[in-house]
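For reference, query_7.txt (compact mmCIF, C-alpha atoms):
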```txt
# COMPACT_ATOMS: atom_id res chain seq x y z
CA MET A 15 -3.15 44.32 -37.85
CA PRO A 16 -1.74 46.34 -40.79
CA GLY A 17 1.19 44.76 -42.58
CA PHE A 18 3.62 47.63 -41.90
CA VAL A 19 2.91 47.38 -38.16
CA SER A 20 3.80 43.68 -38.15
CA VAL A 21 7.02 44.43 -40.06
CA ILE A 22 8.01 47.05 -37.47
CA PHE A 23 7.13 44.57 -34.71
CA ALA A 24 9.27 41.90 -36.42
CA ILE A 25 12.29 44.22 -36.61
CA LEU A 26 11.80 45.16 -32.96
CA LEU A 27 11.50 41.48 -32.08
CA PHE A 28 14.76 40.58 -33.82
CA SER A 29 16.45 43.43 -31.98
CA ILE A 30 15.14 42.20 -28.61
CA LEU A 31 16.28 38.62 -29.27
CA ILE A 32 19.79 39.69 -30.26
CA PHE A 33 20.03 42.16 -27.36
CA VAL A 34 18.94 39.50 -24.86
CA HIS A 35 21.43 37.00 -26.33
CA GLU A 36 24.37 39.40 -26.05
CA LEU A 37 23.14 40.49 -22.62
CA GLY A 38 23.57 36.88 -21.48
CA HIS A 39 27.23 36.93 -22.50
CA PHE A 40 27.68 40.38 -20.93
CA LEU A 41 26.16 39.49 -17.55
CA ALA A 42 28.08 36.22 -17.29
CA ALA A 43 31.35 37.95 -18.23
CA LYS A 44 30.78 40.70 -15.65
CA ALA A 45 29.85 38.11 -13.01
CA PHE A 46 33.16 36.27 -13.53
CA GLY A 47 35.26 39.44 -13.69
CA VAL A 48 36.08 39.23 -17.41
CA GLN A 49 36.71 42.64 -18.95
CA VAL A 50 34.08 43.71 -21.49
CA ASN A 51 35.47 46.36 -23.83
CA GLU A 52 32.22 47.13 -25.65
CA PHE A 53 28.58 46.13 -25.47
CA SER A 54 26.83 47.13 -28.69
CA MET A 55 23.29 46.91 -29.97
CA PHE A 56 23.17 46.66 -33.78
CA MET A 57 26.12 46.90 -36.19
CA GLY A 58 27.85 49.56 -38.31
CA PRO A 59 28.82 53.12 -37.35
CA ALA A 60 27.78 54.20 -33.85
CA ILE A 61 24.94 56.70 -33.43
CA TYR A 62 25.24 56.70 -29.63
CA LYS A 63 28.22 55.89 -27.41
CA LYS A 64 28.82 56.18 -23.71
CA GLN A 65 31.87 55.04 -21.78
CA LYS A 66 31.06 53.75 -18.33
CA GLY A 67 34.05 52.37 -16.49
CA GLU A 68 35.99 49.97 -18.70
CA THR A 69 33.03 49.27 -21.04
CA LEU A 70 31.84 51.31 -24.01
CA TYR A 71 28.07 51.06 -24.47
CA SER A 72 26.89 51.82 -28.01
CA ILE A 73 23.90 51.78 -30.34
CA ARG A 74 24.81 51.44 -34.02
CA CYS A 75 22.92 52.42 -37.14
CA ILE A 76 22.31 49.07 -38.89
CA PRO A 77 19.46 47.27 -37.04
CA ILE A 78 21.02 43.82 -37.44
CA GLY A 79 23.03 41.94 -34.85
CA GLY A 80 25.00 43.23 -31.93
CA TYR A 81 27.98 42.07 -29.92
CA CYS A 82 29.67 41.80 -26.56
CA ALA A 83 33.39 42.38 -27.17
CA MET A 84 35.47 40.83 -24.38
CA GLU A 85 39.18 41.44 -23.85
CA GLY A 86 41.30 38.65 -25.36
CA GLU A 87 38.36 36.76 -26.81
CA ASP A 88 40.18 35.60 -29.97
CA GLN A 89 43.76 36.59 -29.18
CA ASP A 90 46.26 36.22 -26.40
CA THR A 91 46.84 39.14 -24.06
CA GLU A 92 48.63 39.80 -20.80
CA ASN A 93 45.52 41.34 -19.23
CA PRO A 94 44.72 39.14 -16.18
CA ARG A 95 41.00 39.82 -16.67
CA SER A 96 40.91 38.75 -20.32
CA PHE A 97 38.57 36.04 -21.55
CA GLN A 98 41.49 33.67 -22.20
CA LYS A 99 42.82 34.06 -18.65
CA ALA A 100 39.52 32.98 -17.05
CA SER A 101 39.05 29.37 -15.93
CA TRP A 102 37.80 27.07 -18.68
CA TRP A 103 34.49 26.44 -16.90
CA LYS A 104 33.87 30.16 -16.52
CA ARG A 105 34.51 30.67 -20.24
CA LEU A 106 32.13 27.81 -21.01
CA ILE A 107 29.34 29.40 -18.95
CA ILE A 108 29.96 32.77 -20.62
CA LEU A 109 29.67 31.13 -24.06
CA VAL A 110 26.38 29.32 -23.36
CA ALA A 111 24.84 32.21 -21.38
CA GLY A 112 23.57 33.85 -24.58
CA ALA A 113 21.60 30.77 -25.62
CA ALA A 114 20.32 30.38 -22.04
CA MET A 115 18.90 33.90 -22.20
CA ASN A 116 17.20 33.08 -25.50
CA PHE A 117 15.48 30.10 -23.90
CA LEU A 118 14.43 32.29 -20.98
CA ILE A 119 12.91 35.01 -23.18
CA GLY A 120 11.19 32.29 -25.22
CA ILE A 121 9.53 31.00 -22.05
CA VAL A 122 8.52 34.57 -21.17
CA PHE A 123 6.90 35.03 -24.60
CA PHE A 124 5.01 31.73 -24.33
CA THR A 125 3.85 32.73 -20.84
CA ILE A 126 2.39 35.97 -22.25
CA VAL A 127 0.54 33.95 -24.88
CA TYR A 128 -0.94 31.47 -22.40
CA ILE A 129 -1.95 33.98 -19.70
CA PRO A 130 -5.31 34.93 -21.33
CA THR A 131 -5.99 31.36 -22.51
CA GLU A 132 -9.21 29.86 -21.14
CA ARG A 133 -8.77 26.36 -22.59
CA VAL A 134 -5.60 24.39 -23.33
CA GLY A 135 -5.51 21.93 -26.21
CA THR A 136 -4.40 18.46 -25.13
CA PRO A 137 -3.63 15.23 -27.05
CA VAL A 138 -6.61 13.47 -25.46
CA LEU A 139 -8.89 11.64 -27.90
CA THR A 140 -12.49 12.80 -27.83
CA GLU A 141 -13.97 11.20 -30.96
CA PHE A 142 -13.41 8.96 -33.98
CA THR A 143 -14.95 9.17 -37.45
CA GLU A 144 -17.30 6.42 -38.57
CA CYS A 145 -14.80 4.90 -41.01
CA CYS A 146 -11.99 4.82 -38.44
CA THR A 147 -10.75 1.23 -38.00
CA PHE A 148 -8.27 1.41 -35.13
CA HIS A 149 -10.55 2.17 -32.17
CA GLY A 150 -12.43 -0.17 -29.88
CA GLU A 151 -11.60 -2.69 -27.18
CA ASP A 152 -8.36 -3.73 -28.89
CA GLY A 153 -7.41 -0.26 -30.10
CA LEU A 154 -7.56 3.37 -29.13
CA GLN A 155 -10.47 4.69 -27.08
CA VAL A 156 -12.06 8.02 -26.20
CA GLY A 157 -10.19 9.47 -23.24
CA ASP A 158 -6.80 8.08 -24.22
CA GLU A 159 -3.98 10.58 -23.96
CA ILE A 160 -1.42 10.04 -26.72
CA LEU A 161 2.06 10.13 -25.15
CA GLN A 162 4.31 8.93 -27.96
CA ILE A 163 4.19 8.36 -31.71
CA ASP A 164 6.97 6.25 -33.22
CA GLY A 165 9.22 6.97 -30.25
CA GLU A 166 8.68 10.75 -30.30
CA ARG A 167 7.08 12.45 -27.30
CA VAL A 168 3.75 14.16 -27.94
CA TYR A 169 3.82 17.54 -26.23
CA THR A 170 0.81 19.25 -27.81
CA ALA A 171 -2.21 18.19 -29.84
CA SER A 172 -0.69 19.80 -32.92
CA ASN A 173 2.22 17.34 -32.71
CA ILE A 174 0.06 14.40 -33.73
CA SER A 175 -0.46 15.15 -37.40
CA LEU A 176 3.19 16.24 -37.77
CA LEU A 177 4.64 13.11 -36.16
CA LEU A 178 2.31 10.84 -38.11
CA SER A 179 3.34 12.52 -41.37
CA LEU A 180 7.03 11.81 -40.70
CA ASN A 181 6.47 8.06 -41.05
CA SER A 182 5.60 6.95 -44.59
CA THR A 183 5.22 3.23 -43.80
CA GLY A 184 1.50 3.56 -43.06
CA THR A 185 1.72 2.03 -39.58
CA HIS A 186 2.76 3.59 -36.31
CA ASP A 187 3.76 2.66 -32.77
CA ILE A 188 1.47 4.53 -30.40
CA VAL A 189 1.80 4.86 -26.62
CA VAL A 190 -1.24 6.14 -24.73
CA LEU A 191 -2.15 6.83 -21.12
CA ARG A 192 -5.44 5.18 -20.12
CA ASP A 193 -6.72 5.23 -16.55
CA GLY A 194 -3.22 5.91 -15.25
CA GLU A 195 -1.67 3.02 -17.20
CA LYS A 196 0.60 3.24 -20.24
CA LEU A 197 -0.50 1.07 -23.16
CA THR A 198 1.50 0.44 -26.34
CA PHE A 199 -0.03 -0.33 -29.74
CA ASN A 200 2.46 -1.48 -32.36
CA ASP A 201 2.04 -1.22 -36.13
CA LEU A 202 -1.25 0.65 -35.86
CA PRO A 203 -2.61 1.80 -39.28
CA MET A 204 -3.64 5.34 -38.35
CA ALA A 205 -4.36 6.68 -41.86
CA HIS A 206 -7.40 5.25 -43.61
CA THR A 207 -9.64 6.02 -46.55
CA CYS A 208 -13.19 7.31 -46.16
CA VAL A 209 -15.89 8.07 -48.72
CA THR A 210 -18.06 11.18 -48.75
CA GLU A 211 -21.81 11.11 -49.47
CA ASP A 212 -21.14 11.97 -53.11
CA GLY A 213 -18.68 9.07 -53.48
CA GLN A 214 -15.42 11.01 -53.21
CA GLU A 215 -12.58 9.22 -51.43
CA TYR A 216 -10.24 10.97 -49.02
CA THR A 217 -7.58 9.86 -46.54
CA HIS A 218 -7.30 11.11 -42.99
CA TYR A 219 -6.52 9.97 -39.46
CA GLY A 220 -10.10 10.09 -38.23
CA ILE A 221 -9.49 11.29 -34.69
CA GLY A 222 -10.67 14.33 -32.78
CA MET A 223 -9.21 16.05 -29.73
CA GLY A 224 -10.65 18.61 -27.39
CA GLY A 225 -9.28 20.93 -24.76
CA GLN A 226 -9.29 21.31 -21.00
CA GLU A 227 -9.93 24.25 -18.70
CA ALA A 228 -6.73 26.28 -18.52
CA THR A 229 -5.92 26.02 -14.84
CA PHE A 230 -2.69 27.53 -13.51
CA GLY A 231 -1.01 24.13 -13.48
CA ARG A 232 -2.10 23.30 -17.03
CA LYS A 233 -0.86 26.66 -18.26
CA LEU A 234 2.57 26.02 -16.71
CA LYS A 235 2.64 22.58 -18.30
CA ALA A 236 1.61 24.00 -21.68
CA ILE A 237 4.32 26.69 -21.50
CA TRP A 238 7.02 24.13 -20.69
CA TYR A 239 5.81 21.60 -23.28
CA THR A 240 5.60 24.32 -25.95
CA THR A 241 9.23 25.23 -25.23
CA LEU A 242 10.34 21.58 -25.47
CA ASP A 243 8.33 21.14 -28.65
CA ASN A 244 10.10 24.07 -30.27
CA VAL A 245 13.48 22.67 -29.25
CA ARG A 246 12.58 19.38 -30.90
CA SER A 247 11.35 21.12 -34.04
CA VAL A 248 14.92 22.33 -34.64
CA ARG A 249 16.24 18.76 -34.36
CA LEU A 250 13.57 17.40 -36.70
CA SER A 251 14.26 20.18 -39.20
CA LEU A 252 17.98 19.43 -39.17
CA GLN A 253 17.30 15.71 -39.59
CA MET A 254 15.10 16.42 -42.59
CA LEU A 255 17.71 18.79 -44.04
CA LEU A 256 20.56 16.29 -43.66
CA SER A 257 18.46 13.42 -45.03
CA GLY A 258 17.45 15.44 -48.08
CA GLN A 259 13.74 15.58 -47.21
CA VAL A 260 13.94 19.36 -47.37
CA GLY A 261 16.35 21.66 -49.17
CA LEU A 262 17.54 25.24 -49.34
CA SER A 263 14.25 26.32 -50.90
CA ASP A 264 12.45 25.28 -47.69
CA MET A 265 14.68 27.40 -45.43
CA ALA A 266 13.77 30.95 -44.44
CA GLY A 267 15.99 33.85 -43.42
CA PRO A 268 15.08 37.15 -41.73
CA VAL A 269 13.18 38.42 -44.80
CA GLY A 270 11.15 35.22 -45.10
CA ILE A 271 10.46 35.17 -41.36
CA VAL A 272 9.22 38.76 -41.43
CA ASP A 273 6.94 37.84 -44.34
CA MET A 274 5.54 34.85 -42.40
CA MET A 275 5.00 37.00 -39.32
CA SER A 276 3.17 39.57 -41.44
CA ASP A 277 0.87 36.85 -42.78
CA ALA A 278 0.21 35.54 -39.27
CA ALA A 279 -0.72 39.04 -38.09
CA THR A 280 -2.85 40.16 -41.04
CA THR A 281 -4.93 36.96 -41.10
CA ALA A 282 -5.77 37.07 -37.38
CA PRO A 283 -9.41 37.89 -36.55
CA SER A 284 -8.55 40.70 -34.12
CA PHE A 285 -5.69 42.95 -33.07
CA VAL A 286 -5.22 41.01 -29.82
CA ASP A 287 -5.07 37.69 -31.69
CA ALA A 288 -2.57 39.20 -34.14
CA LEU A 289 -0.42 40.44 -31.28
CA LEU A 290 -0.50 37.06 -29.54
CA ASN A 291 0.40 35.34 -32.83
CA LEU A 292 3.43 37.60 -33.19
CA ILE A 293 4.47 37.06 -29.58
CA TYR A 294 4.17 33.29 -30.05
CA PHE A 295 6.29 33.62 -33.18
CA GLY A 296 8.80 35.52 -31.05
CA GLY A 297 8.96 32.64 -28.58
CA PHE A 298 9.46 30.21 -31.45
CA LEU A 299 12.32 32.32 -32.84
CA ALA A 300 13.92 32.77 -29.42
CA VAL A 301 14.04 29.04 -28.72
CA ASN A 302 15.24 28.31 -32.26
CA LEU A 303 17.97 30.93 -31.93
CA GLY A 304 19.06 29.40 -28.63
CA VAL A 305 19.28 25.87 -30.06
CA MET A 306 20.98 26.93 -33.30
CA ASN A 307 23.63 28.89 -31.39
CA LEU A 308 24.53 25.76 -29.42
CA LEU A 309 25.25 23.71 -32.55
CA PRO A 310 28.94 22.73 -32.84
CA ILE A 311 29.55 25.00 -35.84
CA PRO A 312 32.56 27.37 -35.98
CA ALA A 313 31.66 31.00 -35.15
CA LEU A 314 28.56 29.94 -33.21
CA ASP A 315 28.59 29.68 -29.43
CA GLY A 316 28.34 25.89 -29.65
CA GLY A 317 31.38 25.76 -31.93
CA ARG A 318 33.32 27.97 -29.55
CA ALA A 319 32.29 25.80 -26.60
CA VAL A 320 33.45 22.61 -28.37
CA ALA A 321 36.75 24.28 -29.31
CA LEU A 322 37.18 25.41 -25.70
CA VAL A 323 36.72 21.87 -24.35
CA LEU A 324 39.05 20.37 -26.99
CA THR A 325 41.83 22.90 -26.46
CA THR A 326 41.54 22.52 -22.68
CA VAL A 327 41.92 18.74 -22.96
CA ILE A 328 44.84 19.05 -25.43
CA GLN A 329 46.62 21.55 -23.20
CA LYS A 330 46.17 19.28 -20.17
CA ILE A 331 47.73 16.38 -22.07
CA THR A 332 50.53 18.18 -23.91
CA LYS A 333 51.22 20.83 -21.24
CA LYS A 334 51.49 23.33 -24.10
CA LYS A 335 49.33 26.40 -24.57
CA ILE A 336 47.55 26.74 -27.91
CA ASP A 337 47.61 30.22 -29.40
CA PRO A 338 43.94 31.39 -29.50
CA LYS A 339 44.55 33.11 -32.84
CA TYR A 340 44.34 29.74 -34.62
CA GLU A 341 40.90 29.13 -33.17
CA GLY A 342 40.05 32.68 -34.21
CA TYR A 343 40.93 31.84 -37.82
CA ILE A 344 38.56 28.86 -37.75
CA HIS A 345 35.70 30.92 -36.34
CA ALA A 346 36.35 33.71 -38.86
CA ALA A 347 36.08 31.19 -41.71
CA GLY A 348 32.90 29.80 -40.18
CA MET A 349 31.43 33.29 -39.92
CA ILE A 350 32.15 33.97 -43.61
CA LEU A 351 30.41 30.75 -44.61
CA LEU A 352 27.42 31.48 -42.38
CA LEU A 353 27.08 35.02 -43.71
CA GLY A 354 27.25 33.67 -47.26
CA LEU A 355 24.52 31.14 -46.52
CA MET A 356 22.37 33.83 -44.88
CA ALA A 357 22.82 36.10 -47.90
CA LEU A 358 21.85 33.28 -50.27
CA ILE A 359 18.70 32.50 -48.26
CA MET A 360 17.83 36.21 -48.01
CA PHE A 361 18.02 36.68 -51.79
CA LYS A 362 15.92 33.53 -52.22
CA ASP A 363 13.29 34.93 -49.83
CA ILE A 364 13.23 38.30 -51.63
CA PHE A 365 12.85 36.58 -55.00
CA THR A 366 10.05 34.36 -53.67
CA ILE A 367 8.15 37.34 -52.21
CA PHE A 368 8.35 39.42 -55.39
CA LYS A 369 7.54 36.39 -57.54
CA GLY A 370 4.49 35.66 -55.40
```
Can you dump the structure from the file as structure tokens?
Amino acid sequence: MPGFVSVIFAILLFSILIFVHELGHFLAAKAFGVQVNEFSMFMGPAIYKKQKGETLYSIRCIPIGGYCAMEGEDQDTENPRSFQKASWWKRLIILVAGAAMNFLIGIVFFTIVYIPTERVGTPVLTEFTECCTFHGEDGLQVGDEILQIDGERVYTASNISLLLSLNSTGTHDIVVLRDGEKLTFNDLPMAHTCVTEDGQEYTHYGIGMGGQEATFGRKLKAIWYTTLDNVRSVRLSLQMLLSGQVGLSDMAGPVGIVDMMSDAATTAPSFVDALLNLIYFGGFLAVNLGVMNLLPIPALDGGRAVALVLTTVIQKITKKKIDPKYEGYIHAAGMILLLGLMALIMFKDIFTIFKG
């Protein structure tokens, strides 16, 4: 697939993900009778506007972002159908509905990817190298399905090398399923050194895994496990970021993501494979966007949800209403910080691309 085609696809994909996210807020607000003043796709000056009832529908000229502007979202108002006048649980559902839609579209994308699949990769051991030392009667055996590595669930075969690499001690706690029974192997030395015919040493895990016929049930399982795996990848990435294992240089913004998608498309052996790679990437981004939006950070849906719960509890205890403008100030500050971080990452991505 030509590079410019993948770039156009990436821009379209971002637009779809943002539209679906805001659509979640819009549908939930409409369902609970909250007045929506404007539902916009993209940002900046409007190139198309249409008033339908109380809501202005618009398409704007900068293909980034979008919004669902509800009455009284960050300020008090006497309108009985404002966001602030709705019950706290209705507001909570409206806030998380955007992330829920991202998860849903992610599952849809993964479903498209798995539909034509004839075989599904599974974490079932099929072979060991000759120099492997941890298999046999007292160790792992062919046919074992690896369920957990160091307490982390194994969803796909690709998880194994990742989860093993996260532990630098050299030994691992492995849980496998063998003949319907769960077996646990503690402090198993998975990595070992082998020697090639010409005397060169190399270290690897020495295991091989195959695949199974992609029945309808296995496809459903693979779709669900792929979604859960992508949710966990966000948690692991945040853990690594907070622990200092990765830094700002390892993060990617929209420019870096488009570049990665272009690479994934141009290196695929066929147009269909390139398209499926991009759709899988779309599912990955959708799930990541859903999880990130639920983080308790001001300006994000998760931050707004936490603030909603806290203010509701405080108001129940003190019997005093908190002016929503103060919460609006906090979210505005959070938005400025997030935009600054995004700009910093974007400039880093641009510099990296041109440097490369």
Query raised in the report: Between A:Val168, A:Val21, A:Ala111, A:Ala60, which has the minimum distance to Ala42 in chain A (counting all atoms listed in the file)?
Result: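 Smallest distance to Ala42 in chain A is found for A:Ala111.
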Report task. Could you tell me which of A:Gln89, A:Thr326, A:Asn181, A:Asn291 comes closest to Phe23 in chain A if we count only C-alpha atoms? Result ->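 Among the listed residues, A:Asn291 lies closest to Phe23 in chain A.
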Query raised in the report: When you draw a straight line from CA of Gly135 in chain A to CA of Gln226 in chain A, how long is it in Å?
Result: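 Interatomic distance here is 6.5 Å.
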Query - Straight-line distance linking CA of Ile328 in chain A with CA of Ile344 in chain A, stated in Å to one decimal - result: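 Between these atoms lies a distance of 17.0 Å.
You can rank A:Tyr81, A:Phe46, A:Tyr239, A:Phe40 by their closest distance to Pro137 in chain A using all atoms listed in the file, and at the top of that list sits A:Tyr239.
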Requested in this report: To one decimal in Å, tell me the separation between CA of Ser284 in chain A and CA of Val122 in chain A.
Outcome: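 According to the coordinates, CA of Ser284 in chain A and CA of Val122 in chain A are separated by 22.3 Å.
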Query raised in the report: Could you pull the residues within 12 Å of Gly67 in chain A, counting all atoms listed in the file, minus those fewer than 4 positions along the same chain, as a PyMOL selection string?
Result: chain A and resi 49-52+71
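Proximity of A:Phe295, A:Pro338, A:Leu31, A:Leu106 to Thr91 in chain A, computed with all atoms listed in the file, is greatest for A:Pro338.
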Using only the atoms of range 211-229 of chain A listed in the file, plus 6 Å on each side, state the axis-aligned box centre and edge lengths in Å rounded to one decimal, as AutoDock Vina command-line options.
```
--center_x -13.9 --center_y 17.7 --center_z -34.2 --size_x 27.9 --size_y 29.2 --size_z 50.6
```
Report task. Could you tell me which of A:Leu250, A:Val189, A:His206, A:Leu292 comes closest to Asp277 in chain A if we count only C-alpha atoms? Result -> A:Leu292
**Report entry** Nearest-residue call for Glu132 in chain A, choices A:Tyr216, A:Trp103, A:Phe230, A:Phe28, using only C-alpha atoms
**Finding:** A:Phe230
Requested in this report: Compile the contact shell of Ile293 in chain A as a PyMOL selection string: residues with an atom at most 8 Å away, counting all atoms listed in the file, same-chain residues fewer than 5 positions apart removed.
Outcome: chain A and resi 123-124+126-127
Report task. Do a neighbour search on Val209 in chain A at 12 Å with all atoms listed in the file, toss out local chain neighbours closer than 2 positions, and write the hits as number ranges by chain. Result -> A: 143-146, 206-207, 211-218
Report task. Name the residues in contact with Gly112 in chain A at a cut-off of 6 Å, using all atoms listed in the file, excluding same-chain residues fewer than 6 positions from it; report them as number ranges by chain. Result -> A: 35-36, 38-39
Contact residues around Glu159 in chain A with all atoms listed in the file at 10 Å, ignoring same-chain residues under 3 positions, as a PDB file with C-alpha atoms, in the coordinates of the input:
```pdb
ATOM      1  CA  THR A 136      -4.400  18.460 -25.130  1.00  0.00           C
ATOM      2  CA  PRO A 137      -3.630  15.230 -27.050  1.00  0.00           C
ATOM      3  CA  VAL A 138      -6.610  13.470 -25.460  1.00  0.00           C
ATOM      4  CA  LEU A 139      -8.890  11.640 -27.900  1.00  0.00           C
ATOM      5  CA  THR A 140     -12.490  12.800 -27.830  1.00  0.00           C
ATOM      6  CA  LEU A 154      -7.560   3.370 -29.130  1.00  0.00           C
ATOM      7  CA  GLN A 155     -10.470   4.690 -27.080  1.00  0.00           C
ATOM      8  CA  VAL A 156     -12.060   8.020 -26.200  1.00  0.00           C
ATOM      9  CA  GLN A 162       4.310   8.930 -27.960  1.00  0.00           C
ATOM     10  CA  VAL A 168       3.750  14.160 -27.940  1.00  0.00           C
ATOM     11  CA  ALA A 171      -2.210  18.190 -29.840  1.00  0.00           C
ATOM     12  CA  VAL A 189       1.800   4.860 -26.620  1.00  0.00           C
ATOM     13  CA  VAL A 190      -1.240   6.140 -24.730  1.00  0.00           C
ATOM     14  CA  LEU A 191      -2.150   6.830 -21.120  1.00  0.00           C
ATOM     15  CA  ARG A 192      -5.440   5.180 -20.120  1.00  0.00           C
ATOM     16  CA  ASP A 193      -6.720   5.230 -16.550  1.00  0.00           C
ATOM     17  CA  GLY A 194      -3.220   5.910 -15.250  1.00  0.00           C
ATOM     18  CA  LYS A 196       0.600   3.240 -20.240  1.00  0.00           C
ATOM     19  CA  MET A 223      -9.210  16.050 -29.730  1.00  0.00           C
TER      20      MET A 223
END
```
